[in-house]
Every structure is written in C-alpha cells, then in structure tokens.
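Enquirer: One file is attached below, start.txt, containing compact mmCIF, C-alpha atoms.
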```
# COMPACT_ATOMS: atom_id res chain seq x y z
CA ALA A 22 20.23 7.48 -59.11
CA GLN A 23 20.97 5.72 -62.38
CA LYS A 24 24.06 3.58 -62.14
CA ILE A 25 24.37 3.01 -65.89
CA THR A 26 23.34 5.71 -68.34
CA GLN A 27 23.09 5.29 -72.08
CA THR A 28 22.09 8.67 -73.43
CA GLN A 29 21.41 7.63 -77.01
CA PRO A 30 18.08 5.84 -77.34
CA GLY A 31 18.64 5.45 -81.08
CA MET A 32 21.30 6.04 -83.71
CA PHE A 33 21.46 5.92 -87.48
CA VAL A 34 24.89 5.37 -89.03
CA GLN A 35 26.02 4.92 -92.61
CA GLU A 36 27.50 1.54 -93.44
CA LYS A 37 31.32 1.37 -93.15
CA GLU A 38 31.48 4.36 -90.80
CA ALA A 39 32.75 4.01 -87.24
CA VAL A 40 30.18 4.16 -84.43
CA THR A 41 30.57 5.26 -80.83
CA LEU A 42 27.90 4.20 -78.35
CA ASP A 43 27.99 6.12 -75.08
CA CYS A 44 27.88 4.65 -71.61
CA THR A 45 28.50 6.40 -68.30
CA TYR A 46 28.38 4.74 -64.93
CA ASP A 47 28.29 5.57 -61.29
CA THR A 48 29.91 3.53 -58.56
CA SER A 49 31.87 4.05 -55.38
CA ASP A 50 33.32 0.57 -55.58
CA PRO A 51 37.01 0.72 -56.64
CA SER A 52 36.75 -2.69 -58.32
CA TYR A 53 34.18 -3.25 -61.03
CA GLY A 54 33.73 -4.53 -64.54
CA LEU A 55 31.96 -3.11 -67.54
CA PHE A 56 30.26 -5.23 -70.19
CA TRP A 57 28.77 -4.54 -73.58
CA TYR A 58 26.13 -6.75 -75.19
CA LYS A 59 24.45 -6.83 -78.58
CA GLN A 60 20.83 -7.90 -78.90
CA PRO A 61 19.63 -8.37 -82.49
CA SER A 62 15.94 -8.62 -83.31
CA SER A 63 16.13 -12.38 -82.76
CA GLY A 64 16.36 -11.65 -79.03
CA GLU A 65 19.60 -13.37 -78.10
CA MET A 66 21.99 -11.44 -75.89
CA ILE A 67 25.51 -11.58 -77.32
CA PHE A 68 28.51 -10.75 -75.12
CA LEU A 69 30.85 -8.37 -76.96
CA ILE A 70 33.55 -7.02 -74.70
CA TYR A 71 34.64 -6.58 -71.09
CA GLN A 72 36.71 -3.91 -69.33
CA GLY A 73 37.94 -4.28 -65.77
CA SER A 74 38.40 -1.19 -63.66
CA TYR A 75 42.06 -2.03 -63.05
CA ASP A 76 42.86 -2.93 -66.64
CA GLN A 77 45.66 -0.71 -67.90
CA GLN A 78 44.66 -0.87 -71.54
CA ASN A 79 41.37 -0.40 -73.31
CA ALA A 80 39.75 -3.68 -74.25
CA THR A 81 39.53 -4.70 -77.90
CA GLU A 82 37.77 -7.60 -79.62
CA GLY A 83 37.94 -7.57 -83.39
CA ARG A 84 35.98 -4.55 -84.65
CA TYR A 85 34.88 -3.69 -81.10
CA SER A 86 36.90 -1.56 -78.76
CA LEU A 87 36.08 0.09 -75.48
CA ASN A 88 37.07 3.69 -74.87
CA PHE A 89 37.48 3.53 -71.10
CA GLN A 90 37.91 6.86 -69.33
CA LYS A 91 37.96 6.00 -65.67
CA ALA A 92 38.11 9.55 -64.31
CA ARG A 93 35.05 10.49 -66.36
CA LYS A 94 33.35 7.18 -65.52
CA SER A 95 32.65 6.47 -69.13
CA ALA A 96 33.00 3.25 -71.12
CA ASN A 97 32.00 3.95 -74.69
CA LEU A 98 31.80 1.14 -77.23
CA VAL A 99 33.44 1.83 -80.58
CA ILE A 100 32.52 -0.26 -83.61
CA SER A 101 34.86 0.22 -86.53
CA ALA A 102 33.78 -0.16 -90.17
CA SER A 103 30.12 -0.77 -89.36
CA GLN A 104 28.19 -3.45 -91.22
CA LEU A 105 24.49 -3.97 -91.86
CA GLY A 106 24.59 -6.89 -89.43
CA ASP A 107 25.56 -4.51 -86.64
CA SER A 108 21.99 -3.21 -86.54
CA ALA A 109 20.73 -4.19 -83.09
CA MET A 110 20.14 -3.01 -79.55
CA TYR A 111 23.33 -2.48 -77.57
CA PHE A 112 23.41 -2.65 -73.80
CA CYS A 113 26.08 -1.48 -71.38
CA ALA A 114 26.22 -3.21 -68.00
CA MET A 115 28.30 -2.96 -64.85
CA ARG A 116 29.22 -5.48 -62.20
CA GLU A 117 30.59 -4.31 -58.87
CA VAL A 118 32.95 -6.59 -56.99
CA ASP A 119 30.67 -6.91 -53.97
CA SER A 120 27.53 -7.47 -56.02
CA ASN A 121 27.74 -11.27 -56.12
CA TYR A 122 28.14 -11.16 -59.89
CA GLN A 123 24.94 -9.23 -60.52
CA LEU A 124 24.85 -7.01 -63.60
CA ILE A 125 23.37 -3.52 -63.55
CA TRP A 126 22.01 -2.59 -66.96
CA GLY A 127 21.64 0.55 -69.02
CA ALA A 128 18.48 1.22 -71.01
CA GLY A 129 20.17 0.38 -74.30
CA THR A 130 20.83 2.09 -77.63
CA LYS A 131 19.12 1.01 -80.82
CA LEU A 132 21.66 1.16 -83.65
CA ILE A 133 20.54 1.10 -87.25
CA ILE A 134 23.12 0.84 -90.00
CA LYS A 135 22.03 2.39 -93.29
CA PRO A 136 23.25 0.92 -96.61
CA SER C 4 32.85 -19.42 -73.86
CA ALA C 5 29.84 -21.56 -73.06
CA VAL C 6 27.04 -23.02 -75.10
CA ILE C 7 23.74 -22.44 -73.34
CA SER C 8 20.47 -23.96 -74.42
CA GLN C 9 17.01 -23.11 -73.19
CA LYS C 10 13.80 -25.05 -73.57
CA PRO C 11 11.26 -24.15 -74.71
CA SER C 12 12.36 -21.39 -77.07
CA ARG C 13 8.86 -19.95 -77.02
CA ASP C 14 5.44 -20.80 -75.71
CA ILE C 15 1.92 -19.46 -75.61
CA CYS C 16 0.17 -20.24 -72.35
CA GLN C 17 -3.22 -19.72 -70.78
CA ARG C 18 -3.75 -17.53 -67.75
CA GLY C 19 -3.47 -19.43 -64.48
CA THR C 20 -1.19 -22.17 -65.76
CA SER C 21 2.52 -22.71 -65.06
CA LEU C 22 5.52 -23.11 -67.34
CA THR C 23 8.93 -24.54 -66.50
CA ILE C 24 11.92 -23.28 -68.47
CA GLN C 25 15.09 -25.32 -68.59
CA CYS C 26 18.63 -24.01 -68.94
CA GLN C 27 21.47 -26.36 -69.83
CA VAL C 28 25.15 -25.32 -70.09
CA ASP C 29 27.80 -27.40 -71.84
CA SER C 30 30.36 -26.85 -69.08
CA GLN C 31 30.42 -26.24 -65.36
CA VAL C 32 29.85 -22.66 -64.32
CA THR C 33 30.16 -20.78 -61.07
CA MET C 34 27.00 -18.75 -61.18
CA MET C 35 23.65 -19.07 -62.93
CA PHE C 36 21.03 -16.36 -63.12
CA TRP C 37 17.53 -15.85 -64.43
CA TYR C 38 16.55 -12.57 -66.07
CA ARG C 39 13.35 -11.20 -67.49
CA GLN C 40 13.13 -8.76 -70.38
CA GLN C 41 9.77 -7.17 -71.00
CA PRO C 42 9.05 -5.72 -74.44
CA GLY C 43 11.19 -2.70 -75.21
CA GLN C 44 12.93 -2.83 -71.84
CA SER C 45 16.32 -3.65 -70.46
CA LEU C 46 16.95 -6.79 -68.42
CA THR C 47 15.72 -7.33 -64.89
CA LEU C 48 17.34 -9.91 -62.64
CA ILE C 49 14.82 -12.31 -61.14
CA ALA C 50 17.14 -14.42 -59.04
CA THR C 51 20.49 -16.12 -58.65
CA ALA C 52 20.19 -19.90 -58.88
CA ASN C 53 22.24 -21.50 -56.12
CA GLN C 54 23.41 -25.06 -56.47
CA GLY C 55 21.76 -27.30 -53.95
CA SER C 56 20.02 -24.53 -52.03
CA GLU C 57 17.25 -21.99 -52.37
CA ALA C 58 17.67 -19.30 -54.99
CA THR C 59 18.38 -15.71 -54.02
CA TYR C 60 15.54 -13.51 -55.24
CA GLU C 61 15.63 -9.84 -56.13
CA SER C 62 13.18 -7.34 -54.77
CA GLY C 63 9.78 -7.83 -56.34
CA PHE C 64 10.26 -11.51 -57.11
CA VAL C 65 9.18 -14.34 -54.81
CA ILE C 66 9.74 -18.06 -54.70
CA ASP C 67 6.05 -18.92 -54.86
CA LYS C 68 5.74 -17.17 -58.21
CA PHE C 69 9.15 -18.07 -59.66
CA PRO C 70 10.42 -21.31 -58.12
CA ILE C 71 13.96 -22.09 -59.26
CA SER C 72 16.04 -25.23 -59.07
CA ARG C 73 19.74 -25.81 -59.66
CA PRO C 74 20.60 -29.42 -58.94
CA ASN C 75 24.14 -29.23 -60.36
CA LEU C 76 26.72 -26.92 -61.93
CA THR C 77 25.31 -27.11 -65.46
CA PHE C 78 21.52 -27.09 -65.18
CA SER C 79 18.76 -24.90 -63.79
CA THR C 80 15.02 -24.49 -64.16
CA LEU C 81 12.73 -21.52 -63.69
CA THR C 82 9.00 -22.00 -63.27
CA VAL C 83 6.59 -19.16 -63.93
CA SER C 84 3.57 -20.02 -61.80
CA ASN C 85 -0.07 -18.99 -62.01
CA MET C 86 0.67 -16.93 -65.08
CA SER C 87 -1.05 -13.70 -66.05
CA PRO C 88 -0.64 -11.60 -69.22
CA GLU C 89 1.81 -9.39 -67.29
CA ASP C 90 4.23 -12.32 -67.25
CA SER C 91 4.58 -12.13 -71.04
CA SER C 92 8.31 -11.55 -71.50
CA ILE C 93 11.53 -13.04 -72.68
CA TYR C 94 13.14 -15.10 -69.93
CA LEU C 95 16.90 -15.51 -70.16
CA CYS C 96 19.31 -17.78 -68.38
CA SER C 97 22.78 -16.33 -67.80
CA VAL C 98 26.04 -17.83 -66.58
CA THR C 99 29.46 -16.70 -65.48
CA GLY C 100 32.56 -18.43 -64.19
CA VAL C 101 33.05 -20.72 -67.17
CA GLY C 102 36.37 -22.42 -66.59
CA GLY C 103 36.85 -20.20 -63.59
CA VAL C 104 36.83 -17.05 -65.74
CA ASP C 105 34.46 -14.41 -64.40
CA ASN C 106 35.14 -11.49 -66.74
CA GLU C 107 32.66 -12.90 -69.20
CA GLN C 108 28.95 -13.44 -68.73
CA PHE C 109 26.93 -15.34 -71.27
CA PHE C 110 23.25 -15.63 -71.99
CA GLY C 111 21.05 -18.36 -73.32
CA PRO C 112 18.92 -17.75 -76.40
CA GLY C 113 15.90 -16.89 -74.26
CA THR C 114 12.38 -18.21 -73.89
CA ARG C 115 9.71 -15.99 -75.39
CA LEU C 116 6.57 -16.39 -73.30
CA THR C 117 3.14 -15.10 -74.24
CA VAL C 118 0.31 -15.43 -71.73
CA LEU C 119 -3.24 -15.09 -73.03
```
What would the structure in this file look like if it were written as structure tokens?

Expert:
Amino acid sequence: AQKITQTQPGMFVQEKEAVTLDCTYDTSDPSYGLFWYKQPSSGEMIFLIYQGSYDQQNATEGRYSLNFQKARKSANLVISASQLGDSAMYFCAMREVDSNYQLIWGAGTKLIIKP
Amino acid sequence: SAVISQKPSRDICQRGTSLTIQCQVDSQVTMMFWYRQQPGQSLTLIATANQGSEATYESGFVIDKFPISRPNLTFSTLTVSNMSPEDSSIYLCSVTGVGGVDNEQFFGPGTRLTVL
C-alpha cells in the first residue's frame, strides 16, 4: 500500500492566488515527521517545511504553511500569494521514527503558476 | 542548514565505465544518504552511508554496483560501476542531523548522469 499519496499530478494556478497541495499518508508509527520539498527544473531538491506528529501547531515558514490534520492523516502544503518562481515539482515525504531516518516519498505534484 | 556540494554536477559516460560522485558538507552531520531520481520519477533511496563501516543498501541495490565510502562526518562518495544506459539518472546526496537537529533533511544539487 502507498504510504504517501499525492493525488494531484499537476496543477495550474493564477499568480498571487493561494495554492493547496494535497498529501495523505499512512503509518502505524505514533511518532513520525512530514516533509515538503520543492524541485525546480534545475533539479535541486529544496527543503521547505517540516511537521512532527507531536507538534501542537501547524508548521509555517514564510509563505509556506502546513495544514496538518492528524486524524485524517493529511499534511497539505499551502502556499500563499503564489509567484511565478513557485512553478516546480513539489514532493511530500514521511519519516517514521524507527526508519533510521529514511524518507518515504510521494509521487509529486507539478505546479505551474500562470501570469 | 547545511551547504552541500556534489562533484561532478553532470557527466556523460560510456557504457561499461565507472563514475565516482563526491558529496561534501560544510558541517558535521549525523546521517548521509544517496538517492537516485530517474526521469519523471520520485526519489529512490540507494543506501545510507555509514561512517567508517559498510553502507546499508536498500532492496535492489548492491555494493558491487554502487560502492559507497564515508570516511568522516562531512564527506561521502558513491561510485556507479559498470554503467549501462539504465543508470542514467540524477544522483543526490542527502544529509540530516546538522548541528544535532534531525527535523530537517537537506539535499545536494545532484549529479546528472547520462550513460551512452
């Protein structure tokens, strides 16, 4: 079974609008972490934001925030006021506490921001 | 955060040859990993590079094909041996545990390998 599911293979969004990228996960481990990465066409993998399973508040980093709904096992990335430079692939990943720091990856969502 | 460099950034190689990729981090890290990303795909973990001992390989990856070294806390190499066109991928070094912080995981810029 898929441990990380990103249901949106591609999205088009108008510049300056907010974007929500979906991510659901499956784990029986009570302690885990969720990561979001951005991969522009240049190929580098850029760490955006992290949410721990025991964190009381949703993580935020600048224009990025994570809508963490633990009971639903979802960790959606929200990008506020999108910019042309946000066009990229976005990957959700999970790390379980007993996994020896290994990341489990979703298939990614290709986001294109339209001017 | 950590500054991670990889050499080479890209290479075009002939079938049957080997290429060694270097990963250098500007600070000591707990864990170092090697990933592969084939065109249009997500990342696949090749192995965890262990300091001073043999790497831990994932299913489908073997030491003879992907020998890995990690002589210290800031440096690792991955060799892609006896290459075939199927090895054409981006190879990425990844680290966590920078300054003892493990809720971040960073990636190098990648090595884009093309095998003819």

Enquirer: Pick out the residues sitting within 6 Å of Lys59 (chain A), and hand them over as an MDAnalysis selection string; count all atoms listed in the file, and ignore anything fewer than 5 positions along from it in its own chain.

Expert: chainID A and resid 66:67 110:111

Enquirer: Using all atoms listed in the file, determine which residues of chain C fall within 9 Å of chain A; present them as an NGL selection string.

Expert: :C and (34 or 36 or 44-48 or 51 or 93 or 95 or 99 or 105-113 or 115)

Enquirer: Build an axis-aligned box that encloses every atom of region 88-91 of chain A listed in the file, pad it by 5 Å on each side, and report its centre and edge lengths in Å to one decimal, as JSON.

Expert:
```
{"center_x": 37.5, "center_y": 5.2, "center_z": -70.3, "size_x": 10.9, "size_y": 13.3, "size_z": 19.2}
```

Enquirer: Determine the nearest neighbour of Thr82 (chain C) from the options C:Gly19, C:Ser56, C:Cys26, C:Lys68, counting all atoms listed in the file.

Expert: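 Closest residue, counting all atoms listed in the file: C:Lys68.
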
Enquirer: Any idea what's packed within 8 Å of Ile71 (chain C), counting only C-alpha atoms, ignoring anything in its chain fewer than 4 positions away? Could you give it as a count of residues only?

Expert: 8

Enquirer: Using all atoms listed in the file, which of the listed residues (C:Gly100, C:Gly55, C:Pro88, C:Pro70) sits closest to Thr23 (chain C)?

Expert: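 Using all atoms listed in the file, Thr23 (chain C) sits closest to C:Pro70.
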